[in-house]
file entry-v1.cif (mmCIF, C-alpha atoms, pLDDT in the B column; chains and numbers go by the auth columns)
data_protein
#
loop_
_atom_site.group_PDB
_atom_site.id
_atom_site.type_symbol
_atom_site.label_atom_id
_atom_site.label_comp_id
_atom_site.label_asym_id
_atom_site.label_seq_id
_atom_site.Cartn_x
_atom_site.Cartn_y
_atom_site.Cartn_z
_atom_site.B_iso_or_equiv
_atom_site.auth_seq_id
_atom_site.auth_asym_id
ATOM 1 C CA MET A 1 -21.517 -10.675 11.488 92.00 1 A
ATOM 2 C CA ARG A 2 -22.916 -14.207 11.141 93.00 2 A
ATOM 3 C CA ARG A 3 -25.090 -16.105 8.742 93.00 3 A
ATOM 4 C CA THR A 4 -28.683 -17.056 9.493 93.00 4 A
ATOM 5 C CA PRO A 5 -31.132 -19.246 7.546 91.00 5 A
ATOM 6 C CA ALA A 6 -32.733 -16.072 6.161 90.00 6 A
ATOM 7 C CA GLY A 7 -29.564 -14.051 5.504 94.00 7 A
ATOM 8 C CA TRP A 8 -27.344 -12.260 8.003 96.00 8 A
ATOM 9 C CA ARG A 9 -27.366 -11.046 11.575 95.00 9 A
ATOM 10 C CA LEU A 10 -25.190 -8.011 12.249 94.00 10 A
ATOM 11 C CA THR A 11 -24.051 -6.750 15.627 93.00 11 A
ATOM 12 C CA VAL A 12 -23.687 -2.994 15.362 91.00 12 A
ATOM 13 C CA GLY A 13 -22.314 -0.546 17.903 88.00 13 A
ATOM 14 C CA PRO A 14 -20.435 -0.883 21.206 86.00 14 A
ATOM 15 C CA THR A 15 -20.367 -4.305 22.861 81.00 15 A
ATOM 16 C CA ARG A 16 -22.246 -3.171 25.968 85.00 16 A
ATOM 17 C CA ASP A 17 -25.066 -1.558 24.012 87.00 17 A
ATOM 18 C CA ALA A 18 -25.048 -3.342 20.678 90.00 18 A
ATOM 19 C CA GLU A 19 -27.871 -3.291 18.163 93.00 19 A
ATOM 20 C CA HIS A 20 -28.723 -6.440 16.222 93.00 20 A
ATOM 21 C CA VAL A 21 -29.763 -6.006 12.607 94.00 21 A
ATOM 22 C CA GLU A 22 -31.226 -8.686 10.357 96.00 22 A
ATOM 23 C CA ALA A 23 -30.254 -8.303 6.705 96.00 23 A
ATOM 24 C CA ASP A 24 -30.846 -10.172 3.468 96.00 24 A
ATOM 25 C CA ALA A 25 -27.356 -9.304 2.231 96.00 25 A
ATOM 26 C CA VAL A 26 -24.176 -7.493 3.270 97.00 26 A
ATOM 27 C CA LEU A 27 -21.827 -5.274 1.284 97.00 27 A
ATOM 28 C CA LEU A 28 -18.599 -4.619 3.182 96.00 28 A
ATOM 29 C CA ALA A 29 -17.288 -1.202 2.120 95.00 29 A
ATOM 30 C CA VAL A 30 -14.744 -0.782 4.902 94.00 30 A
ATOM 31 C CA PRO A 31 -10.918 -0.830 4.973 94.00 31 A
ATOM 32 C CA ALA A 32 -9.233 -4.197 4.472 95.00 32 A
ATOM 33 C CA ARG A 33 -8.367 -5.023 8.075 93.00 33 A
ATOM 34 C CA PRO A 34 -11.856 -4.391 9.527 94.00 34 A
ATOM 35 C CA ALA A 35 -13.255 -6.314 6.559 96.00 35 A
ATOM 36 C CA ALA A 36 -10.919 -9.229 7.348 96.00 36 A
ATOM 37 C CA ARG A 37 -12.082 -9.320 10.965 95.00 37 A
ATOM 38 C CA LEU A 38 -15.715 -9.417 9.868 95.00 38 A
ATOM 39 C CA LEU A 39 -15.024 -12.106 7.272 96.00 39 A
ATOM 40 C CA ALA A 40 -12.988 -14.346 9.583 95.00 40 A
ATOM 41 C CA ALA A 41 -15.921 -16.399 10.862 92.00 41 A
ATOM 42 C CA VAL A 42 -17.739 -16.820 7.534 93.00 42 A
ATOM 43 C CA ALA A 43 -14.954 -16.904 4.919 94.00 43 A
ATOM 44 C CA PRO A 44 -11.604 -17.432 6.693 94.00 44 A
ATOM 45 C CA GLU A 45 -9.511 -17.984 3.554 94.00 45 A
ATOM 46 C CA ALA A 46 -10.826 -14.806 1.944 95.00 46 A
ATOM 47 C CA ALA A 47 -10.323 -12.981 5.241 96.00 47 A
ATOM 48 C CA GLY A 48 -6.645 -13.918 5.300 96.00 48 A
ATOM 49 C CA THR A 49 -6.107 -12.565 1.802 96.00 49 A
ATOM 50 C CA VAL A 50 -8.013 -9.344 2.446 97.00 50 A
ATOM 51 C CA GLY A 51 -6.254 -8.721 5.763 95.00 51 A
ATOM 52 C CA ALA A 52 -2.809 -8.905 4.171 95.00 52 A
ATOM 53 C CA LEU A 53 -3.329 -5.578 2.379 95.00 53 A
ATOM 54 C CA ASP A 54 -1.262 -2.815 3.936 94.00 54 A
ATOM 55 C CA TYR A 55 -1.924 0.929 4.031 93.00 55 A
ATOM 56 C CA ALA A 56 0.048 4.170 4.142 91.00 56 A
ATOM 57 C CA SER A 57 -0.891 7.230 6.174 91.00 57 A
ATOM 58 C CA VAL A 58 -0.961 10.733 4.712 92.00 58 A
ATOM 59 C CA ALA A 59 -1.324 14.370 5.728 95.00 59 A
ATOM 60 C CA LEU A 60 -2.795 17.011 3.412 96.00 60 A
ATOM 61 C CA ILE A 61 -1.583 20.578 3.867 97.00 61 A
ATOM 62 C CA THR A 62 -3.480 23.372 2.122 97.00 62 A
ATOM 63 C CA LEU A 63 -2.030 26.881 1.876 97.00 63 A
ATOM 64 C CA ALA A 64 -3.912 30.040 0.859 96.00 64 A
ATOM 65 C CA LEU A 65 -1.305 32.169 -0.930 96.00 65 A
ATOM 66 C CA PRO A 66 -1.854 35.818 -1.975 96.00 66 A
ATOM 67 C CA GLY A 67 -0.910 36.270 -5.626 90.00 67 A
ATOM 68 C CA PRO A 68 1.770 33.576 -6.042 91.00 68 A
ATOM 69 C CA ALA A 69 3.603 33.101 -9.336 89.00 69 A
ATOM 70 C CA LEU A 70 2.507 29.550 -10.109 90.00 70 A
ATOM 71 C CA PRO A 71 3.222 27.661 -13.335 90.00 71 A
ATOM 72 C CA GLU A 72 0.299 26.868 -15.623 89.00 72 A
ATOM 73 C CA LEU A 73 0.018 23.341 -14.262 90.00 73 A
ATOM 74 C CA SER A 74 -2.596 21.501 -12.251 94.00 74 A
ATOM 75 C CA GLY A 75 0.150 20.196 -9.964 94.00 75 A
ATOM 76 C CA PHE A 76 3.085 17.803 -9.835 95.00 76 A
ATOM 77 C CA LEU A 77 4.404 14.588 -8.278 94.00 77 A
ATOM 78 C CA VAL A 78 7.686 14.271 -6.371 94.00 78 A
ATOM 79 C CA PRO A 79 9.733 11.042 -6.659 92.00 79 A
ATOM 80 C CA ALA A 80 10.863 9.521 -3.369 86.00 80 A
ATOM 81 C CA GLY A 81 14.515 9.920 -4.374 88.00 81 A
ATOM 82 C CA GLU A 82 14.299 13.731 -4.301 91.00 82 A
ATOM 83 C CA GLY A 83 14.619 13.727 -0.511 89.00 83 A
ATOM 84 C CA LEU A 84 11.643 16.052 0.023 93.00 84 A
ATOM 85 C CA LEU A 85 8.856 15.728 2.547 93.00 85 A
ATOM 86 C CA ILE A 86 6.170 16.549 -0.008 95.00 86 A
ATOM 87 C CA LYS A 87 5.220 13.795 -2.428 94.00 87 A
ATOM 88 C CA ALA A 88 2.677 15.680 -4.539 95.00 88 A
ATOM 89 C CA SER A 89 1.052 19.071 -4.910 96.00 89 A
ATOM 90 C CA THR A 90 -2.164 20.317 -6.501 95.00 90 A
ATOM 91 C CA PHE A 91 -2.809 23.913 -7.557 95.00 91 A
ATOM 92 C CA PHE A 92 -6.518 24.041 -6.770 93.00 92 A
ATOM 93 C CA THR A 93 -7.233 27.439 -8.260 92.00 93 A
ATOM 94 C CA THR A 94 -5.460 26.483 -11.489 90.00 94 A
ATOM 95 C CA LYS A 95 -6.936 23.010 -11.827 92.00 95 A
ATOM 96 C CA TRP A 96 -10.534 24.006 -11.078 91.00 96 A
ATOM 97 C CA GLY A 97 -11.764 27.246 -12.597 87.00 97 A
ATOM 98 C CA HIS A 98 -14.695 27.690 -10.224 91.00 98 A
ATOM 99 C CA LEU A 99 -12.211 28.159 -7.357 89.00 99 A
ATOM 100 C CA ARG A 100 -10.373 31.078 -8.979 87.00 100 A
ATOM 101 C CA ARG A 101 -10.722 34.379 -7.183 88.00 101 A
ATOM 102 C CA PRO A 102 -10.569 37.926 -8.530 89.00 102 A
ATOM 103 C CA ASP A 103 -8.134 38.927 -5.796 90.00 103 A
ATOM 104 C CA GLY A 104 -5.577 36.383 -7.015 88.00 104 A
ATOM 105 C CA LEU A 105 -5.590 34.294 -3.848 93.00 105 A
ATOM 106 C CA ALA A 106 -4.418 30.779 -4.733 94.00 106 A
ATOM 107 C CA LEU A 107 -5.093 27.520 -2.940 95.00 107 A
ATOM 108 C CA VAL A 108 -2.221 25.047 -3.070 96.00 108 A
ATOM 109 C CA ARG A 109 -2.364 21.641 -1.446 97.00 109 A
ATOM 110 C CA ALA A 110 0.532 19.266 -0.803 96.00 110 A
ATOM 111 C CA SER A 111 0.462 15.693 0.435 95.00 111 A
ATOM 112 C CA VAL A 112 2.995 14.305 2.881 94.00 112 A
ATOM 113 C CA GLY A 113 3.620 10.744 3.984 88.00 113 A
ATOM 114 C CA ARG A 114 5.140 7.800 2.163 86.00 114 A
ATOM 115 C CA TYR A 115 4.640 4.109 2.776 86.00 115 A
ATOM 116 C CA GLY A 116 6.871 2.855 5.568 80.00 116 A
ATOM 117 C CA ASP A 117 7.797 6.347 6.759 79.00 117 A
ATOM 118 C CA GLU A 118 5.547 7.627 9.534 78.00 118 A
ATOM 119 C CA THR A 119 8.133 9.981 11.048 82.00 119 A
ATOM 120 C CA SER A 120 7.123 12.994 8.974 82.00 120 A
ATOM 121 C CA LEU A 121 3.522 12.678 10.111 87.00 121 A
ATOM 122 C CA GLN A 122 4.587 13.118 13.719 88.00 122 A
ATOM 123 C CA LEU A 123 5.548 16.746 13.091 92.00 123 A
ATOM 124 C CA THR A 124 3.250 19.421 14.463 95.00 124 A
ATOM 125 C CA ASP A 125 0.768 21.102 12.144 95.00 125 A
ATOM 126 C CA ASP A 126 2.850 24.284 12.147 95.00 126 A
ATOM 127 C CA ASP A 127 6.050 22.403 11.297 95.00 127 A
ATOM 128 C CA LEU A 128 4.326 20.508 8.496 95.00 128 A
ATOM 129 C CA ALA A 129 2.912 23.703 6.989 96.00 129 A
ATOM 130 C CA ASP A 130 6.246 25.527 7.260 96.00 130 A
ATOM 131 C CA THR A 131 8.137 22.652 5.662 95.00 131 A
ATOM 132 C CA VAL A 132 5.633 22.366 2.823 96.00 132 A
ATOM 133 C CA HIS A 133 5.849 26.109 2.170 97.00 133 A
ATOM 134 C CA ARG A 134 9.643 25.962 2.091 96.00 134 A
ATOM 135 C CA GLU A 135 9.808 22.895 -0.169 96.00 135 A
ATOM 136 C CA LEU A 136 7.200 24.234 -2.591 96.00 136 A
ATOM 137 C CA SER A 137 9.239 27.409 -2.918 96.00 137 A
ATOM 138 C CA ALA A 138 12.352 25.361 -3.678 95.00 138 A
ATOM 139 C CA VAL A 139 10.614 23.174 -6.274 94.00 139 A
ATOM 140 C CA LEU A 140 9.035 26.170 -8.023 93.00 140 A
ATOM 141 C CA GLY A 141 12.313 28.086 -8.000 93.00 141 A
ATOM 142 C CA ALA A 142 11.060 31.220 -6.246 93.00 142 A
ATOM 143 C CA PRO A 143 9.931 32.114 -2.717 94.00 143 A
ATOM 144 C CA LEU A 144 6.186 31.785 -2.298 95.00 144 A
ATOM 145 C CA PRO A 145 4.324 34.525 -0.429 96.00 145 A
ATOM 146 C CA VAL A 146 3.497 33.959 3.212 96.00 146 A
ATOM 147 C CA PRO A 147 0.173 32.097 3.432 96.00 147 A
ATOM 148 C CA VAL A 148 -2.781 34.029 4.817 97.00 148 A
ATOM 149 C CA ALA A 149 -4.365 30.771 5.987 96.00 149 A
ATOM 150 C CA ARG A 150 -3.435 27.098 6.161 96.00 150 A
ATOM 151 C CA HIS A 151 -5.100 23.821 7.009 97.00 151 A
ATOM 152 C CA VAL A 152 -3.617 20.443 7.942 96.00 152 A
ATOM 153 C CA GLN A 153 -5.666 17.256 7.710 95.00 153 A
ATOM 154 C CA ARG A 154 -4.285 13.858 8.676 94.00 154 A
ATOM 155 C CA TRP A 155 -5.554 10.528 7.384 91.00 155 A
ATOM 156 C CA GLY A 156 -4.192 7.470 9.183 88.00 156 A
ATOM 157 C CA GLY A 157 -4.046 4.313 7.081 88.00 157 A
ATOM 158 C CA ALA A 158 -5.760 6.017 4.156 88.00 158 A
ATOM 159 C CA LEU A 159 -3.918 4.752 1.070 91.00 159 A
ATOM 160 C CA PRO A 160 -3.977 1.043 0.163 95.00 160 A
ATOM 161 C CA GLN A 161 -0.641 -0.285 -1.066 94.00 161 A
ATOM 162 C CA TYR A 162 -1.233 -2.622 -4.001 95.00 162 A
ATOM 163 C CA THR A 163 1.570 -5.144 -4.476 95.00 163 A
ATOM 164 C CA PRO A 164 2.143 -7.354 -7.553 96.00 164 A
ATOM 165 C CA GLY A 165 -0.677 -9.864 -7.923 97.00 165 A
ATOM 166 C CA HIS A 166 -3.263 -7.624 -6.232 97.00 166 A
ATOM 167 C CA THR A 167 -5.829 -7.908 -9.031 96.00 167 A
ATOM 168 C CA ALA A 168 -5.611 -11.706 -9.037 97.00 168 A
ATOM 169 C CA ARG A 169 -5.967 -11.849 -5.246 97.00 169 A
ATOM 170 C CA VAL A 170 -9.043 -9.636 -5.314 97.00 170 A
ATOM 171 C CA ALA A 171 -10.574 -11.787 -8.053 97.00 171 A
ATOM 172 C CA ALA A 172 -9.924 -14.910 -5.964 96.00 172 A
ATOM 173 C CA VAL A 173 -11.536 -13.328 -2.882 97.00 173 A
ATOM 174 C CA ARG A 174 -14.642 -12.366 -4.812 96.00 174 A
ATOM 175 C CA ALA A 175 -14.888 -15.770 -6.455 96.00 175 A
ATOM 176 C CA ALA A 176 -14.653 -17.453 -3.041 95.00 176 A
ATOM 177 C CA LEU A 177 -17.365 -15.200 -1.621 95.00 177 A
ATOM 178 C CA ARG A 178 -19.670 -15.802 -4.593 93.00 178 A
ATOM 179 C CA ALA A 179 -19.275 -19.538 -4.139 93.00 179 A
ATOM 180 C CA ALA A 180 -19.685 -19.673 -0.359 92.00 180 A
ATOM 181 C CA CYS A 181 -21.691 -16.520 0.472 93.00 181 A
ATOM 182 C CA PRO A 182 -23.365 -15.100 -2.652 94.00 182 A
ATOM 183 C CA THR A 183 -25.194 -12.421 -0.649 96.00 183 A
ATOM 184 C CA LEU A 184 -21.926 -11.078 0.774 97.00 184 A
ATOM 185 C CA ALA A 185 -19.636 -8.795 -1.245 97.00 185 A
ATOM 186 C CA VAL A 186 -16.699 -6.450 -0.729 97.00 186 A
ATOM 187 C CA ALA A 187 -16.095 -3.065 -2.344 97.00 187 A
ATOM 188 C CA GLY A 188 -13.994 0.045 -1.981 96.00 188 A
ATOM 189 C CA ALA A 189 -10.517 1.471 -2.313 95.00 189 A
ATOM 190 C CA GLY A 190 -8.834 -1.599 -0.849 96.00 190 A
ATOM 191 C CA TYR A 191 -9.860 -3.619 -3.892 97.00 191 A
ATOM 192 C CA ASP A 192 -10.371 -1.492 -6.979 96.00 192 A
ATOM 193 C CA GLY A 193 -8.545 1.845 -6.609 94.00 193 A
ATOM 194 C CA VAL A 194 -8.586 5.025 -4.526 91.00 194 A
ATOM 195 C CA GLY A 195 -10.249 7.492 -6.900 89.00 195 A
ATOM 196 C CA ILE A 196 -13.821 8.554 -6.130 92.00 196 A
ATOM 197 C CA PRO A 197 -15.228 7.385 -9.514 95.00 197 A
ATOM 198 C CA VAL A 198 -13.674 3.934 -9.191 96.00 198 A
ATOM 199 C CA CYS A 199 -14.906 3.604 -5.596 96.00 199 A
ATOM 200 C CA VAL A 200 -18.440 4.478 -6.726 97.00 200 A
ATOM 201 C CA ARG A 201 -18.194 1.940 -9.544 97.00 201 A
ATOM 202 C CA SER A 202 -16.845 -0.672 -7.125 97.00 202 A
ATOM 203 C CA GLY A 203 -19.845 -0.222 -4.840 97.00 203 A
ATOM 204 C CA GLU A 204 -22.351 -0.251 -7.701 97.00 204 A
ATOM 205 C CA THR A 205 -20.873 -3.428 -9.190 96.00 205 A
ATOM 206 C CA ALA A 206 -20.947 -5.209 -5.823 96.00 206 A
ATOM 207 C CA ALA A 207 -24.528 -4.089 -5.224 96.00 207 A
ATOM 208 C CA GLU A 208 -25.587 -5.392 -8.632 96.00 208 A
ATOM 209 C CA GLU A 209 -23.999 -8.771 -7.863 95.00 209 A
ATOM 210 C CA ILE A 210 -25.870 -8.950 -4.557 95.00 210 A
ATOM 211 C CA ILE A 211 -29.175 -8.045 -6.236 95.00 211 A
ATOM 212 C CA THR A 212 -28.606 -10.788 -8.805 94.00 212 A
ATOM 213 C CA ALA A 213 -27.904 -13.282 -6.013 93.00 213 A
ATOM 214 C CA LEU A 214 -31.029 -12.277 -4.109 93.00 214 A
ATOM 215 C CA GLU A 215 -33.170 -12.557 -7.233 91.00 215 A
ATOM 216 C CA GLY A 216 -31.724 -15.999 -7.878 83.00 216 A
ATOM 217 C CA SER A 217 -32.474 -17.208 -4.359 75.00 217 A
ATOM 218 C CA ALA A 218 -36.058 -15.954 -4.617 68.00 218 A
ATOM 219 C CA ALA A 219 -36.717 -17.725 -7.899 60.00 219 A
#

call {"tool": "encode", "arguments": {"input": "entry-v1.cif", "output": "structure tokens"}}
result
Amino acid sequence: MRRTPAGWRLTVGPTRDAEHVEADAVLLAVPARPAARLLAAVAPEAAGTVGALDYASVALITLALPGPALPELSGFLVPAGEGLLIKASTFFTTKWGHLRRPDGLALVRASVGRYGDETSLQLTDDDLADTVHRELSAVLGAPLPVPVARHVQRWGGALPQYTPGHTARVAAVRAALRAACPTLAVAGAGYDGVGIPVCVRSGETAAEEIITALEGSAA
């Protein structure tokens, strides 16, 4: 990514067969480290701040359980001090009514993987599912039925880890970009939060800032 008199020139795709794209503006909605690499040549100070953000990896294990006795809760969180592999669980068919089934089959999902601890994510899918089933039974105080189906999905480097001062650092990055490169913005979970609504809002806000900058340059 580099600046041109008219805007930006982007190199997209593999090095040996890259495509060059001319753009009036750029909105970087990628994880922090790729964003930092792209920013390095045009906004090195901002790139250093963005690239310092660290991430945790996670695995999501979903179990389909026939007629389990679940509490009337949408789910629960597990503190790190409990010594369990699972860190949270969601009772899908309790939380979302449209997923409830007349045969009583319940969908329960648990997340595994804490910041700084990648060992648990090296377990096989079967071992992860078995451990989650066992720990859920222990937390709920009764053996859960054997799942009729299960699914394991792994997300490497998926969860940004916000440390004290994160909001101020993000504000400084955006201020630096507005001053030096008003048609370049950053958005996404690495800056504003991991929830889908906040990610959508992050992208919309960045897009509005870019539109304002483009309108100003055309005036």

call {"tool": "axis_aligned_box", "arguments": {"input": "entry-v1.cif", "around": "stretch 202-210 of chain A", "padding_each_side": "4 Å", "output": "AutoDock Vina command-line options"}}
result
--center_x -21.4 --center_y -4.6 --center_z -6.9 --size_x 17.0 --size_y 16.7 --size_z 12.6

call {"tool": "residues_around", "arguments": {"input": "entry-v1.cif", "residues": "A:Ala187", "least_positions_apart": "6", "cutoff": "7 Å", "atoms": "all atoms listed in the file", "output": "PyMOL selection string"}}
result
chain A and resi 28-29+202-203+206

call {"tool": "atom_distance", "arguments": {"input": "entry-v1.cif", "atom1": "atom CA of A:Pro79", "atom2": "atom CA of A:Asp130"}}
result
20.4 Å

call {"tool": "residues_around", "arguments": {"input": "entry-v1.cif", "residues": "A:Ala172", "least_positions_apart": "6", "cutoff": "12 Å", "atoms": "only C-alpha atoms", "output": "JSON, numbers by chain"}}
result
{"A": [45, 46, 47, 48, 49, 50, 165, 166, 178, 179, 191]}

call {"tool": "closest_residue", "arguments": {"input": "entry-v1.cif", "among": "A:Ile61, A:Val12, A:Met1, A:Leu159", "to": "A:Ala25", "atoms": "only C-alpha atoms"}}
result
A:Met1

call {"tool": "atom_distance", "arguments": {"input": "entry-v1.cif", "atom1": "atom CA of A:Ala36", "atom2": "atom CA of A:Gly13"}}
result
17.8 Å

call {"tool": "build_atoms", "arguments": {"input": "entry-v1.cif", "residues": "stretch 114-145 of chain A", "atoms": "N, CA and C atoms", "output": "PDB file, keeping the file's coordinate frame"}}
result
ATOM      1  N   ARG A 114       4.864   8.897   3.081  1.00 86.00           N
ATOM      2  CA  ARG A 114       5.140   7.800   2.163  1.00 86.00           C
ATOM      3  C   ARG A 114       5.053   6.471   2.912  1.00 86.00           C
ATOM      4  N   TYR A 115       4.781   5.432   2.173  1.00 86.00           N
ATOM      5  CA  TYR A 115       4.640   4.109   2.776  1.00 86.00           C
ATOM      6  C   TYR A 115       5.911   3.717   3.518  1.00 86.00           C
ATOM      7  N   GLY A 116       5.739   3.284   4.764  1.00 80.00           N
ATOM      8  CA  GLY A 116       6.871   2.855   5.568  1.00 80.00           C
ATOM      9  C   GLY A 116       7.585   3.971   6.299  1.00 80.00           C
ATOM     10  N   ASP A 117       7.152   5.217   6.094  1.00 79.00           N
ATOM     11  CA  ASP A 117       7.797   6.347   6.759  1.00 79.00           C
ATOM     12  C   ASP A 117       6.728   7.173   7.469  1.00 79.00           C
ATOM     13  N   GLU A 118       6.556   6.909   8.751  1.00 78.00           N
ATOM     14  CA  GLU A 118       5.547   7.627   9.534  1.00 78.00           C
ATOM     15  C   GLU A 118       6.139   8.811  10.288  1.00 78.00           C
ATOM     16  N   THR A 119       7.472   8.952  10.242  1.00 82.00           N
ATOM     17  CA  THR A 119       8.133   9.981  11.048  1.00 82.00           C
ATOM     18  C   THR A 119       7.642  11.380  10.693  1.00 82.00           C
ATOM     19  N   SER A 120       7.515  11.649   9.402  1.00 82.00           N
ATOM     20  CA  SER A 120       7.123  12.994   8.974  1.00 82.00           C
ATOM     21  C   SER A 120       5.740  13.369   9.476  1.00 82.00           C
ATOM     22  N   LEU A 121       4.885  12.393   9.662  1.00 87.00           N
ATOM     23  CA  LEU A 121       3.522  12.678  10.111  1.00 87.00           C
ATOM     24  C   LEU A 121       3.448  12.972  11.599  1.00 87.00           C
ATOM     25  N   GLN A 122       4.557  12.801  12.293  1.00 88.00           N
ATOM     26  CA  GLN A 122       4.587  13.118  13.719  1.00 88.00           C
ATOM     27  C   GLN A 122       4.964  14.580  13.985  1.00 88.00           C
ATOM     28  N   LEU A 123       5.283  15.313  12.938  1.00 92.00           N
ATOM     29  CA  LEU A 123       5.548  16.746  13.091  1.00 92.00           C
ATOM     30  C   LEU A 123       4.272  17.474  13.494  1.00 92.00           C
ATOM     31  N   THR A 124       4.421  18.613  14.123  1.00 95.00           N
ATOM     32  CA  THR A 124       3.250  19.421  14.463  1.00 95.00           C
ATOM     33  C   THR A 124       2.647  20.008  13.195  1.00 95.00           C
ATOM     34  N   ASP A 125       1.418  20.478  13.298  1.00 95.00           N
ATOM     35  CA  ASP A 125       0.768  21.102  12.144  1.00 95.00           C
ATOM     36  C   ASP A 125       1.579  22.290  11.629  1.00 95.00           C
ATOM     37  N   ASP A 126       2.070  23.111  12.552  1.00 95.00           N
ATOM     38  CA  ASP A 126       2.850  24.284  12.147  1.00 95.00           C
ATOM     39  C   ASP A 126       4.122  23.868  11.417  1.00 95.00           C
ATOM     40  N   ASP A 127       4.810  22.849  11.939  1.00 95.00           N
ATOM     41  CA  ASP A 127       6.050  22.403  11.297  1.00 95.00           C
ATOM     42  C   ASP A 127       5.776  21.806   9.923  1.00 95.00           C
ATOM     43  N   LEU A 128       4.685  21.068   9.801  1.00 95.00           N
ATOM     44  CA  LEU A 128       4.326  20.508   8.496  1.00 95.00           C
ATOM     45  C   LEU A 128       4.052  21.621   7.493  1.00 95.00           C
ATOM     46  N   ALA A 129       3.254  22.605   7.891  1.00 96.00           N
ATOM     47  CA  ALA A 129       2.912  23.703   6.989  1.00 96.00           C
ATOM     48  C   ALA A 129       4.151  24.505   6.606  1.00 96.00           C
ATOM     49  N   ASP A 130       5.031  24.766   7.556  1.00 96.00           N
ATOM     50  CA  ASP A 130       6.246  25.527   7.260  1.00 96.00           C
ATOM     51  C   ASP A 130       7.162  24.756   6.301  1.00 96.00           C
ATOM     52  N   THR A 131       7.284  23.464   6.531  1.00 95.00           N
ATOM     53  CA  THR A 131       8.137  22.652   5.662  1.00 95.00           C
ATOM     54  C   THR A 131       7.570  22.584   4.251  1.00 95.00           C
ATOM     55  N   VAL A 132       6.267  22.405   4.142  1.00 96.00           N
ATOM     56  CA  VAL A 132       5.633  22.366   2.823  1.00 96.00           C
ATOM     57  C   VAL A 132       5.834  23.692   2.095  1.00 96.00           C
ATOM     58  N   HIS A 133       5.655  24.787   2.787  1.00 97.00           N
ATOM     59  CA  HIS A 133       5.849  26.109   2.170  1.00 97.00           C
ATOM     60  C   HIS A 133       7.279  26.261   1.663  1.00 97.00           C
ATOM     61  N   ARG A 134       8.236  25.848   2.467  1.00 96.00           N
ATOM     62  CA  ARG A 134       9.643  25.962   2.091  1.00 96.00           C
ATOM     63  C   ARG A 134       9.976  25.054   0.892  1.00 96.00           C
ATOM     64  N   GLU A 135       9.490  23.834   0.913  1.00 96.00           N
ATOM     65  CA  GLU A 135       9.808  22.895  -0.169  1.00 96.00           C
ATOM     66  C   GLU A 135       9.106  23.274  -1.465  1.00 96.00           C
ATOM     67  N   LEU A 136       7.884  23.767  -1.377  1.00 96.00           N
ATOM     68  CA  LEU A 136       7.200  24.234  -2.591  1.00 96.00           C
ATOM     69  C   LEU A 136       7.964  25.394  -3.214  1.00 96.00           C
ATOM     70  N   SER A 137       8.447  26.289  -2.402  1.00 96.00           N
ATOM     71  CA  SER A 137       9.239  27.409  -2.918  1.00 96.00           C
ATOM     72  C   SER A 137      10.480  26.897  -3.637  1.00 96.00           C
ATOM     73  N   ALA A 138      11.135  25.897  -3.063  1.00 95.00           N
ATOM     74  CA  ALA A 138      12.352  25.361  -3.678  1.00 95.00           C
ATOM     75  C   ALA A 138      12.038  24.667  -5.004  1.00 95.00           C
ATOM     76  N   VAL A 139      10.977  23.893  -5.046  1.00 94.00           N
ATOM     77  CA  VAL A 139      10.614  23.174  -6.274  1.00 94.00           C
ATOM     78  C   VAL A 139      10.238  24.157  -7.382  1.00 94.00           C
ATOM     79  N   LEU A 140       9.503  25.205  -7.030  1.00 93.00           N
ATOM     80  CA  LEU A 140       9.035  26.170  -8.023  1.00 93.00           C
ATOM     81  C   LEU A 140      10.098  27.197  -8.390  1.00 93.00           C
ATOM     82  N   GLY A 141      11.187  27.230  -7.648  1.00 93.00           N
ATOM     83  CA  GLY A 141      12.313  28.086  -8.000  1.00 93.00           C
ATOM     84  C   GLY A 141      12.181  29.528  -7.590  1.00 93.00           C
ATOM     85  N   ALA A 142      11.227  29.842  -6.724  1.00 93.00           N
ATOM     86  CA  ALA A 142      11.060  31.220  -6.246  1.00 93.00           C
ATOM     87  C   ALA A 142      10.310  31.186  -4.928  1.00 93.00           C
ATOM     88  N   PRO A 143      10.622  32.108  -4.009  1.00 94.00           N
ATOM     89  CA  PRO A 143       9.931  32.114  -2.717  1.00 94.00           C
ATOM     90  C   PRO A 143       8.430  32.371  -2.900  1.00 94.00           C
ATOM     91  N   LEU A 144       7.619  31.557  -2.279  1.00 95.00           N
ATOM     92  CA  LEU A 144       6.186  31.785  -2.298  1.00 95.00           C
ATOM     93  C   LEU A 144       5.816  32.810  -1.232  1.00 95.00           C
ATOM     94  N   PRO A 145       4.750  33.571  -1.458  1.00 96.00           N
ATOM     95  CA  PRO A 145       4.324  34.525  -0.429  1.00 96.00           C
ATOM     96  C   PRO A 145       3.888  33.809   0.842  1.00 96.00           C
TER      97      PRO A 145
END
